[in-house]
$ cat entry14.txt   # compact mmCIF, C-alpha atoms
# COMPACT_ATOMS: atom_id res chain seq x y z
CA MET I 3 32.05 12.55 -24.69
CA GLN I 4 28.80 13.29 -26.40
CA GLY I 5 25.60 14.25 -24.59
CA ALA I 6 24.17 10.74 -24.73
CA ASP I 7 27.32 9.25 -23.18
CA ILE I 8 27.30 11.73 -20.34
CA ILE I 9 23.62 11.10 -19.63
CA ALA I 10 24.06 7.32 -19.75
CA LEU I 11 27.13 7.40 -17.49
CA GLY I 12 25.53 9.82 -15.07
CA SER I 13 22.30 7.82 -14.91
CA ILE I 14 23.99 4.48 -14.29
CA VAL I 15 26.37 5.79 -11.64
CA THR I 16 23.64 7.77 -9.93
CA ALA I 17 21.25 4.81 -9.96
CA GLY I 18 23.85 2.61 -8.27
CA LEU I 19 24.73 5.27 -5.71
CA THR I 20 21.05 5.98 -5.03
CA ILE I 21 20.16 2.44 -4.12
CA ALA I 22 23.48 1.84 -2.31
CA ILE I 23 23.37 4.87 -0.06
CA GLY I 24 19.60 4.87 0.18
CA SER I 25 19.42 1.37 1.62
CA ILE I 26 21.92 2.03 4.43
CA GLY I 27 19.63 4.21 6.50
CA PRO I 28 16.48 2.05 6.29
CA ALA I 29 18.56 -1.07 7.00
CA ILE I 30 19.92 0.40 10.21
CA GLY I 31 16.50 1.73 11.14
CA GLU I 32 14.69 -1.54 10.52
CA GLY I 33 17.32 -3.48 12.45
CA ARG I 34 16.97 -1.20 15.44
CA ALA I 35 13.16 -1.31 15.27
CA VAL I 36 13.02 -5.10 15.09
CA SER I 37 15.53 -5.61 17.91
CA GLN I 38 13.65 -3.15 20.11
CA ALA I 39 10.33 -4.83 19.31
CA LEU I 40 11.76 -8.28 20.07
CA SER I 41 13.02 -7.21 23.47
CA SER I 42 9.67 -5.54 24.16
CA ILE I 43 7.83 -8.76 23.27
CA ALA I 44 10.23 -10.71 25.50
CA GLN I 45 9.45 -8.35 28.38
CA GLN I 46 5.69 -8.13 27.78
CA PRO I 47 4.41 -11.15 25.85
CA ASP I 48 0.82 -10.12 26.57
CA SER I 49 0.97 -7.04 24.39
CA SER I 50 2.73 -8.79 21.52
CA ASN I 51 -0.30 -8.23 19.26
CA THR I 52 -0.11 -4.47 19.55
CA ILE I 53 3.67 -4.46 19.31
CA THR I 54 3.65 -6.63 16.18
CA ARG I 55 1.05 -4.48 14.44
CA THR I 56 2.84 -1.26 15.30
CA LEU I 57 6.11 -2.84 14.24
CA PHE I 58 4.71 -3.76 10.83
CA VAL I 59 3.31 -0.31 10.25
CA GLY I 60 6.55 1.28 11.40
CA LEU I 61 8.64 -1.03 9.25
CA ALA I 62 6.53 -0.10 6.24
CA MET I 63 7.14 3.57 6.99
CA ILE I 64 10.89 3.01 7.32
CA GLU I 65 11.02 0.78 4.29
CA SER I 66 9.27 3.33 2.13
CA THR I 67 12.41 5.52 2.15
CA ALA I 68 14.33 2.62 0.63
CA ILE I 69 11.48 2.08 -1.82
CA TYR I 70 11.68 5.73 -2.90
CA CYS I 71 15.38 5.25 -3.67
CA PHE I 72 14.56 2.06 -5.57
CA VAL I 73 11.90 3.79 -7.61
CA VAL I 74 14.25 6.66 -8.43
CA SER I 75 17.01 4.29 -9.54
CA MET I 76 14.55 2.26 -11.64
CA ILE I 77 13.34 5.44 -13.31
CA LEU I 78 16.95 6.43 -14.01
CA LEU I 79 17.70 3.02 -15.54
CA PHE I 80 14.55 2.09 -17.46
CA ALA I 81 12.44 5.21 -17.89
CA ASN I 82 14.99 8.00 -17.93
CA PRO I 83 13.23 11.16 -19.13
CA PHE I 84 16.48 12.85 -20.25
CA TRP I 85 17.57 9.79 -22.19
CA ASN I 86 14.15 9.50 -23.84
CA HIS I 87 14.25 13.19 -24.72
CA LEU I 88 17.67 12.77 -26.32
CA THR I 89 16.90 9.59 -28.25
CA GLN I 90 13.57 10.83 -29.58
CA GLN I 91 15.15 13.82 -31.29
CA MET Q 27 27.68 -13.08 -22.04
CA MET Q 28 24.32 -13.31 -20.38
CA GLU Q 29 21.36 -11.53 -21.80
CA ILE Q 30 18.91 -9.79 -19.56
CA PRO Q 31 15.52 -9.60 -21.28
CA PHE Q 32 15.06 -5.87 -21.14
CA ALA Q 33 11.79 -6.22 -22.99
CA ALA Q 34 10.41 -8.07 -19.98
CA ILE Q 35 11.30 -5.19 -17.68
CA GLN Q 36 8.39 -2.81 -17.71
CA ILE Q 37 8.30 -0.23 -15.01
CA SER Q 38 4.55 0.05 -15.35
CA THR Q 39 1.79 -2.18 -16.62
CA ASP Q 40 0.38 0.90 -18.35
CA GLU Q 41 2.70 0.27 -21.29
CA TRP Q 42 1.22 -3.14 -22.02
CA ILE Q 43 -1.66 -2.26 -24.34
CA PHE Q 44 -4.34 -4.75 -25.31
CA TRP Q 45 -6.47 -2.63 -27.56
CA GLN Q 46 -6.29 0.86 -29.01
CA SER Q 47 -9.04 2.76 -30.71
CA GLU Q 48 -8.07 3.67 -34.27
CA SER Q 49 -9.96 6.94 -34.55
CA TRP Q 50 -9.15 8.03 -30.99
CA PRO Q 51 -5.52 7.07 -30.26
CA THR Q 52 -5.79 8.27 -26.67
CA VAL Q 53 -8.55 5.76 -25.97
CA LYS Q 54 -6.79 2.51 -25.17
CA LEU Q 55 -7.22 -0.51 -22.98
CA ASN Q 56 -3.98 -1.24 -21.16
CA ALA Q 57 -3.15 -4.11 -18.84
CA THR Q 58 -3.74 -2.02 -15.73
CA ILE Q 59 -7.36 -1.28 -16.59
CA ALA Q 60 -8.05 -4.80 -17.87
CA PHE Q 61 -6.69 -6.49 -14.75
CA THR Q 62 -8.43 -3.97 -12.50
CA TRP Q 63 -11.71 -4.91 -14.19
CA LEU Q 64 -10.84 -8.56 -13.71
CA ILE Q 65 -10.27 -8.04 -9.98
CA MET Q 66 -13.46 -6.02 -9.66
CA ALA Q 67 -15.45 -8.71 -11.47
CA LEU Q 68 -13.95 -11.42 -9.26
CA LEU Q 69 -14.77 -9.49 -6.09
CA VAL Q 70 -18.32 -8.67 -7.16
CA LEU Q 71 -19.10 -12.15 -8.45
CA GLY Q 72 -17.48 -13.69 -5.37
CA SER Q 73 -19.56 -11.57 -2.99
CA TRP Q 74 -22.69 -12.27 -5.01
CA PHE Q 75 -21.99 -16.00 -4.99
CA VAL Q 76 -21.19 -16.15 -1.27
CA THR Q 77 -24.20 -14.14 -0.16
CA ARG Q 78 -26.67 -16.32 -2.12
CA GLY Q 79 -27.29 -18.88 0.58
CA LEU Q 80 -26.50 -17.12 3.83
CA SER Q 81 -27.64 -18.97 6.91
CA SER Q 82 -27.50 -18.15 10.60
CA GLY Q 83 -27.83 -21.73 11.75
CA VAL Q 84 -25.19 -24.02 13.19
CA ASN Q 85 -24.20 -25.40 9.80
CA ILE Q 86 -23.13 -22.54 7.55
CA PRO Q 87 -21.86 -22.82 3.98
CA ARG Q 88 -18.10 -23.07 3.78
CA PHE Q 89 -17.59 -19.86 1.80
CA GLN Q 90 -19.75 -17.97 4.27
CA ASN Q 91 -17.38 -19.20 6.94
CA VAL Q 92 -14.37 -17.82 5.04
CA VAL Q 93 -16.00 -14.43 4.57
CA GLU Q 94 -17.13 -14.32 8.20
CA VAL Q 95 -13.57 -14.97 9.36
CA LEU Q 96 -12.32 -12.19 7.05
CA ILE Q 97 -14.92 -9.69 8.18
CA THR Q 98 -14.45 -10.49 11.88
CA THR Q 99 -10.69 -10.07 11.58
CA MET Q 100 -11.05 -6.79 9.73
CA ARG Q 101 -13.53 -5.46 12.27
CA ASP Q 102 -11.20 -6.42 15.13
CA GLN Q 103 -8.20 -4.82 13.46
CA ILE Q 104 -10.12 -1.62 12.72
CA ARG Q 105 -11.39 -1.49 16.31
CA ASP Q 106 -7.83 -2.00 17.62
CA VAL Q 107 -6.33 0.68 15.40
CA SER Q 108 -9.01 3.34 15.68
CA ARG Q 109 -10.47 2.51 19.12
CA GLN Q 110 -13.88 3.30 17.65
CA ASP Q 111 -16.82 1.33 16.39
CA PRO Q 112 -15.64 -0.30 13.13
CA GLY Q 113 -19.02 -0.19 11.43
CA ARG Q 114 -18.53 3.15 9.65
CA TYR Q 115 -15.04 2.37 8.42
CA LEU Q 116 -15.38 -1.28 7.42
CA PRO Q 117 -16.88 -0.66 3.94
CA PHE Q 118 -14.09 1.69 2.88
CA VAL Q 119 -11.04 0.20 4.58
CA GLY Q 120 -12.18 -3.38 4.06
CA THR Q 121 -12.70 -2.79 0.35
CA LEU Q 122 -9.25 -1.25 0.03
CA PHE Q 123 -7.74 -4.27 1.75
CA LEU Q 124 -9.68 -6.86 -0.27
CA PHE Q 125 -8.92 -5.16 -3.58
CA ILE Q 126 -5.18 -4.80 -2.95
CA ALA Q 127 -4.85 -8.23 -1.36
CA LEU Q 128 -6.64 -9.99 -4.21
CA SER Q 129 -4.76 -8.12 -6.90
CA ASN Q 130 -1.44 -8.96 -5.21
CA LEU Q 131 -2.36 -12.59 -4.54
CA MET Q 132 -3.39 -13.16 -8.16
CA THR Q 133 0.30 -12.94 -9.16
CA VAL Q 134 0.39 -16.75 -8.76
CA VAL Q 135 -1.56 -16.89 -12.05
CA PRO Q 136 0.89 -16.95 -14.99
CA GLY Q 137 0.56 -14.03 -17.39
CA TYR Q 138 -1.10 -11.86 -14.79
CA ARG Q 139 0.45 -8.54 -13.79
CA PRO Q 140 -0.86 -6.89 -10.65
CA PRO Q 141 -2.63 -3.59 -11.34
CA THR Q 142 -1.08 -2.33 -8.10
CA GLY Q 143 2.26 -2.43 -9.95
CA SER Q 144 1.19 0.70 -11.79
CA LEU Q 145 1.45 4.14 -10.30
CA SER Q 146 -1.95 5.07 -11.78
CA THR Q 147 -3.81 2.49 -9.67
CA THR Q 148 -1.96 3.23 -6.45
CA ALA Q 149 -2.32 6.98 -6.97
CA ALA Q 150 -6.06 6.49 -7.44
CA LEU Q 151 -6.30 4.41 -4.25
CA ALA Q 152 -4.24 6.97 -2.31
CA THR Q 153 -6.49 9.73 -3.65
CA CYS Q 154 -9.49 7.82 -2.31
CA VAL Q 155 -7.86 7.91 1.14
CA PHE Q 156 -6.97 11.57 0.67
CA VAL Q 157 -10.64 12.36 0.01
CA ALA Q 158 -12.03 10.00 2.63
CA VAL Q 159 -10.03 11.51 5.52
CA PRO Q 160 -11.74 14.94 5.46
CA LEU Q 161 -15.12 13.33 4.72
CA TYR Q 162 -14.95 11.13 7.80
CA GLY Q 163 -13.38 13.96 9.81
CA VAL Q 164 -16.05 16.50 8.92
CA SER Q 165 -18.89 14.04 9.40
CA SER Q 166 -17.72 13.14 12.90
CA GLN Q 167 -16.50 16.52 14.19
CA GLY Q 168 -18.11 19.12 11.96
CA MET Q 169 -16.26 21.48 9.65
CA ALA Q 170 -14.81 23.70 12.38
CA GLY Q 171 -13.70 20.78 14.49
CA TYR Q 172 -11.95 19.17 11.56
CA LEU Q 173 -10.24 22.36 10.39
CA ARG Q 174 -9.01 23.01 13.91
CA HIS Q 175 -6.67 20.02 13.44
CA TYR Q 176 -4.57 22.03 11.04
CA VAL Q 177 -3.70 24.75 13.53
CA ARG Q 178 -2.75 22.35 16.27
CA PRO Q 179 -0.59 22.73 18.38
CA THR Q 180 0.01 26.29 17.07
CA VAL Q 181 -0.90 28.29 13.96
CA LEU Q 182 2.78 28.06 12.96
CA MET Q 183 2.25 24.37 12.19
CA LEU Q 184 -0.40 25.10 9.53
CA PRO Q 185 1.88 24.81 6.46
CA PHE Q 186 3.57 21.69 7.82
CA ASN Q 187 0.23 20.03 8.49
CA ILE Q 188 -0.88 20.75 4.93
CA ILE Q 189 2.42 19.49 3.50
CA GLY Q 190 2.11 16.39 5.65
CA GLU Q 191 -1.38 15.73 4.34
CA VAL Q 192 -0.15 15.80 0.74
CA SER Q 193 3.15 14.02 1.28
CA ARG Q 194 1.62 11.10 3.14
CA THR Q 195 -0.76 10.56 0.23
CA LEU Q 196 2.22 10.53 -2.12
CA ALA Q 197 4.04 8.15 0.21
CA LEU Q 198 1.03 5.83 0.32
CA ALA Q 199 0.92 5.65 -3.48
CA VAL Q 200 4.66 5.27 -4.08
CA ARG Q 201 5.09 2.69 -1.30
CA LEU Q 202 2.56 0.25 -2.74
CA TYR Q 203 3.71 0.89 -6.31
CA GLY Q 204 7.39 0.49 -5.43
CA ASN Q 205 6.86 -2.73 -3.56
CA MET Q 206 4.79 -4.39 -6.26
CA MET Q 207 6.93 -3.06 -9.12
CA SER Q 208 10.15 -4.18 -7.44
CA GLY Q 209 8.86 -7.75 -7.28
CA THR Q 210 8.12 -7.83 -11.01
CA VAL Q 211 11.37 -6.14 -12.02
CA ILE Q 212 13.57 -8.29 -9.78
CA ALA Q 213 11.89 -11.44 -11.09
CA ALA Q 214 12.51 -10.28 -14.68
CA ILE Q 215 16.18 -9.52 -13.95
CA LEU Q 216 16.72 -12.83 -12.12
CA ILE Q 217 15.19 -14.84 -14.98
CA GLY Q 218 18.00 -13.38 -17.10
CA PHE Q 219 20.77 -15.20 -15.26
CA VAL Q 220 19.24 -17.77 -12.85
CA PRO Q 221 16.20 -19.05 -14.73
CA LEU Q 222 15.67 -22.00 -12.39
CA PHE Q 223 14.24 -22.05 -8.90
CA VAL Q 224 15.43 -18.65 -7.64
CA PRO Q 225 12.63 -16.66 -9.37
CA VAL Q 226 10.14 -19.00 -7.68
CA LEU Q 227 11.51 -18.02 -4.29
CA MET Q 228 11.30 -14.36 -5.23
CA GLN Q 229 7.69 -14.95 -6.31
CA LEU Q 230 6.95 -16.45 -2.89
CA LEU Q 231 8.57 -13.46 -1.23
CA GLY Q 232 6.49 -11.25 -3.52
CA LEU Q 233 3.28 -12.94 -2.33
CA LEU Q 234 4.27 -12.27 1.28
CA THR Q 235 5.16 -8.64 0.52
CA GLY Q 236 1.90 -8.24 -1.36
CA MET Q 237 -0.18 -9.36 1.60
CA ILE Q 238 1.81 -7.22 4.03
CA GLN Q 239 1.48 -4.20 1.75
CA ALA Q 240 -2.29 -4.70 1.48
CA TYR Q 241 -2.49 -4.88 5.28
CA ILE Q 242 -0.29 -1.83 5.71
CA PHE Q 243 -2.22 0.20 3.15
CA ALA Q 244 -5.48 -0.54 4.97
CA VAL Q 245 -4.01 0.10 8.42
CA LEU Q 246 -2.41 3.37 7.35
CA ALA Q 247 -5.68 4.51 5.76
CA MET Q 248 -7.41 3.67 9.03
CA VAL Q 249 -4.76 5.49 11.06
CA TYR Q 250 -5.14 8.61 8.92
CA ILE Q 251 -8.93 8.51 9.19
CA ALA Q 252 -8.76 7.84 12.92
CA SER Q 253 -6.40 10.78 13.46
CA ALA Q 254 -8.97 13.06 11.79
CA THR Q 255 -11.91 11.71 13.81
CA LYS Q 256 -10.32 10.90 17.14
CA VAL Q 257 -10.29 13.75 19.64
CA ILE Q 258 -13.95 14.12 20.54
CA ARG Q 259 -14.66 10.43 20.37
CA GLN Q 260 -11.79 9.61 22.71
CA SER Q 261 -12.81 12.06 25.40
CA HIS Q 262 -16.38 10.83 24.98
CA LEU Q 263 -15.22 7.23 25.41
CA ARG Q 264 -13.12 8.16 28.41
CA ASN Q 265 -16.09 9.83 30.08
CA GLN Q 266 -18.14 6.76 29.34
CA THR Q 267 -15.57 4.44 30.93
CA ASP Q 268 -15.30 6.79 33.91
CA VAL Q 269 -19.05 6.56 34.39
CA GLU Q 270 -18.92 2.80 34.01
CA THR Q 271 -16.16 2.44 36.59
CA GLN Q 272 -18.10 4.66 38.97
CA HIS Q 273 -21.10 2.45 38.49
CA ALA Q 274 -18.95 -0.59 39.10
CA ASP Q 275 -17.67 0.94 42.31
$ encode --input "entry14.txt" --output "structure tokens"
Amino acid sequence: MQGADIIALGSIVTAGLTIAIGSIGPAIGEGRAVSQALSSIAQQPDSSNTITRTLFVGLAMIESTAIYCFVVSMILLFANPFWNHLTQQ
Amino acid sequence: MMEIPFAAIQISTDEWIFWQSESWPTVKLNATIAFTWLIMALLVLGSWFVTRGLSSGVNIPRFQNVVEVLITTMRDQIRDVSRQDPGRYLPFVGTLFLFIALSNLMTVVPGYRPPTGSLSTTAALATCVFVAVPLYGVSSQGMAGYLRHYVRPTVLMLPFNIIGEVSRTLALAVRLYGNMMSGTVIAAILIGFVPLFVPVLMQLLGLLTGMIQAYIFAVLAMVYIASATKVIRQSHLRNQTDVETQHAD
């Protein structure tokens, strides 16, 4: 295999693995957070405003880890610096 | 064999260039700047138009009503998050929210690409927060009081506090950029093999995400500012409520 092939193969496989593995953790985390928040709202409906706002902020924090993985895989697929370096030679 | 329009997939709106100076190739007008100017113009003209005929009577103009609802909600949210008087923070946090919300909502207009889908814009916004946090902190607690945050609870935490300061700014920028960019990219990929109906649903989802991201950006900015200004204010407030309860007794 030539250099370009190795880079292409590595980028594609890594991009898939990045988003696949990287979405497991946030998915579990968001599920746990939402279920906990729902049971809290069921127990204390009065403070549902605070719980919902904190939940949204927390979800955004959790989700950002998945977003990082997404950004990395997008960079690998569409704006790969190594690939650009190789093709511009 | 389906064809995915790779040309439609742009990771950043920076690559879409409207105009480039011939003698100065680095001077160019890309989509990010153009649409940012559009949003700014809309916001400025909108505020100018709404504040023309302000009235404090029973019958208020309808646009004044809209803006009043917005401002009241923002003030309430800021007061809830920071537990302080929202007046000092409303101009900064409210502007952040309005700018991001409008630029994300405008995606319903065909041909428009949100400037928040470019890392340059979101990095600039996050830098504004990064600068505003020490400004608000120093102005409310003084230089020594603000710097004392970094060695809390012990001096050993100093490097971690500094790393946290930088990394949360990075996170703020990449979160907004990733969310807005993912909407555009997923829509472009979906158009490649389900051109009907499904991209519309993704657009709707994108509108929802855009609003939530605008809210989250503003709330996180407020949380960061509040964490730099809190300590003295809180004890001050607590003393005040203690006094008030004593009076009530």
$ closest_residue --input "entry14.txt" --among "Q:Val224, Q:Ala199, Q:Val134, Q:Val157" --to "chain I" --atoms "only C-alpha atoms"
Q:Ala199
$ interface_residues --input "entry14.txt" --of "chain Q" --to "chain I" --cutoff "7 Å" --atoms "only C-alpha atoms" --output "list of chain:residue names"
Q:Arg201, Q:Gly204, Q:Asn205, Q:Ile242
$ atom_distance --input "entry14.txt" --atom1 "CA of Met237 (chain Q)" --atom2 "CA of Leu122 (chain Q)"
12.3 Å
$ atom_distance --input "entry14.txt" --atom1 "CA of Arg194 (chain Q)" --atom2 "CA of Tyr241 (chain Q)"
16.6 Å
$ atom_distance --input "entry14.txt" --atom1 "CA of Ala244 (chain Q)" --atom2 "CA of Cys154 (chain Q)"
11.8 Å
$ closest_residue --input "entry14.txt" --among "I:Gly12, I:Leu78, I:Ile64, I:Trp85" --to "Ser25 (chain I)" --atoms "all atoms listed in the file"
I:Ile64
$ residues_around --input "entry14.txt" --residues "Asn91 (chain Q)" --least-positions-apart "3" --cutoff "12 Å" --atoms "all atoms listed in the file" --output "PyMOL selection string"
chain Q and resi 76-77+79-88+94-98
$ residues_around --input "entry14.txt" --residues "region 35-48 of chain I" --least-positions-apart "5" --cutoff "8 Å" --atoms "all atoms listed in the file" --output "PyMOL selection string"
chain I and resi 53-54+57+61
$ write_last_selection --input "entry14.txt" --atoms "C-alpha atoms" --output "JSON list (two decimals), in the frame of the given file"
[["chain", "number", "residue", "atom", "x", "y", "z"],
["I", 53, "ILE", "CA", 3.67, -4.46, 19.31],
["I", 54, "THR", "CA", 3.65, -6.63, 16.18],
["I", 57, "LEU", "CA", 6.11, -2.84, 14.24],
["I", 61, "LEU", "CA", 8.64, -1.03, 9.25]]
$ decode --input "entry14.txt" --residues "region 110-181 of chain Q" --atoms "C-alpha atoms" --output "tab-separated table (two decimals), in the first residue's frame"
chain	number	residue	atom	x	y	z
Q	110	GLN	CA	-27.66	38.54	41.69
Q	111	ASP	CA	-29.18	41.64	40.21
Q	112	PRO	CA	-29.36	40.98	36.44
Q	113	GLY	CA	-28.83	44.59	35.43
Q	114	ARG	CA	-25.04	44.41	35.04
Q	115	TYR	CA	-25.07	41.15	33.10
Q	116	LEU	CA	-28.07	41.64	30.82
Q	117	PRO	CA	-26.26	43.68	28.12
Q	118	PHE	CA	-23.51	41.10	27.66
Q	119	VAL	CA	-25.34	37.81	28.18
Q	120	GLY	CA	-28.51	39.02	26.48
Q	121	THR	CA	-26.59	40.13	23.41
Q	122	LEU	CA	-24.83	36.77	23.22
Q	123	PHE	CA	-28.17	35.00	23.39
Q	124	LEU	CA	-29.91	37.23	20.83
Q	125	PHE	CA	-27.03	37.02	18.36
Q	126	ILE	CA	-26.69	33.23	18.53
Q	127	ALA	CA	-30.44	32.63	18.60
Q	128	LEU	CA	-31.10	34.85	15.59
Q	129	SER	CA	-28.22	33.43	13.58
Q	130	ASN	CA	-29.42	29.89	14.31
Q	131	LEU	CA	-33.09	30.67	13.65
Q	132	MET	CA	-32.31	32.27	10.29
Q	133	THR	CA	-31.48	28.79	8.92
Q	134	VAL	CA	-35.13	28.62	7.79
Q	135	VAL	CA	-34.14	31.07	5.03
Q	136	PRO	CA	-32.91	29.13	1.97
Q	137	GLY	CA	-29.32	29.84	0.97
Q	138	TYR	CA	-28.42	31.07	4.42
Q	139	ARG	CA	-25.65	29.40	6.38
Q	140	PRO	CA	-25.40	30.18	10.08
Q	141	PRO	CA	-22.21	32.05	10.99
Q	142	THR	CA	-22.19	30.01	14.19
Q	143	GLY	CA	-21.36	27.00	11.98
Q	144	SER	CA	-17.84	28.37	11.68
Q	145	LEU	CA	-15.22	27.88	14.33
Q	146	SER	CA	-14.02	31.48	13.84
Q	147	THR	CA	-17.32	32.96	15.04
Q	148	THR	CA	-17.75	30.62	17.98
Q	149	ALA	CA	-14.12	31.08	19.01
Q	150	ALA	CA	-14.64	34.84	18.94
Q	151	LEU	CA	-17.78	34.56	21.07
Q	152	ALA	CA	-16.03	32.23	23.53
Q	153	THR	CA	-13.12	34.67	23.71
Q	154	CYS	CA	-15.59	37.41	24.63
Q	155	VAL	CA	-16.72	35.25	27.57
Q	156	PHE	CA	-13.10	34.45	28.43
Q	157	VAL	CA	-12.36	38.19	28.66
Q	158	ALA	CA	-15.63	39.13	30.35
Q	159	VAL	CA	-15.21	36.70	33.26
Q	160	PRO	CA	-12.13	38.41	34.79
Q	161	LEU	CA	-13.55	41.85	33.98
Q	162	TYR	CA	-16.74	41.19	35.92
Q	163	GLY	CA	-14.81	39.32	38.61
Q	164	VAL	CA	-12.30	42.11	39.18
Q	165	SER	CA	-14.93	44.83	39.07
Q	166	SER	CA	-17.02	43.11	41.74
Q	167	GLN	CA	-14.31	41.71	44.05
Q	168	GLY	CA	-11.17	43.67	43.26
Q	169	MET	CA	-7.99	42.22	41.80
Q	170	ALA	CA	-6.89	40.35	44.93
Q	171	GLY	CA	-10.32	38.92	45.56
Q	172	TYR	CA	-10.57	37.65	42.01
Q	173	LEU	CA	-7.08	36.16	41.93
Q	174	ARG	CA	-7.74	34.38	45.20
Q	175	HIS	CA	-10.17	32.14	43.28
Q	176	TYR	CA	-7.27	30.45	41.56
Q	177	VAL	CA	-5.66	29.20	44.76
Q	178	ARG	CA	-8.85	27.82	46.18
Q	179	PRO	CA	-9.16	25.35	47.94
Q	180	THR	CA	-5.34	24.98	48.03
Q	181	VAL	CA	-2.37	26.38	46.10
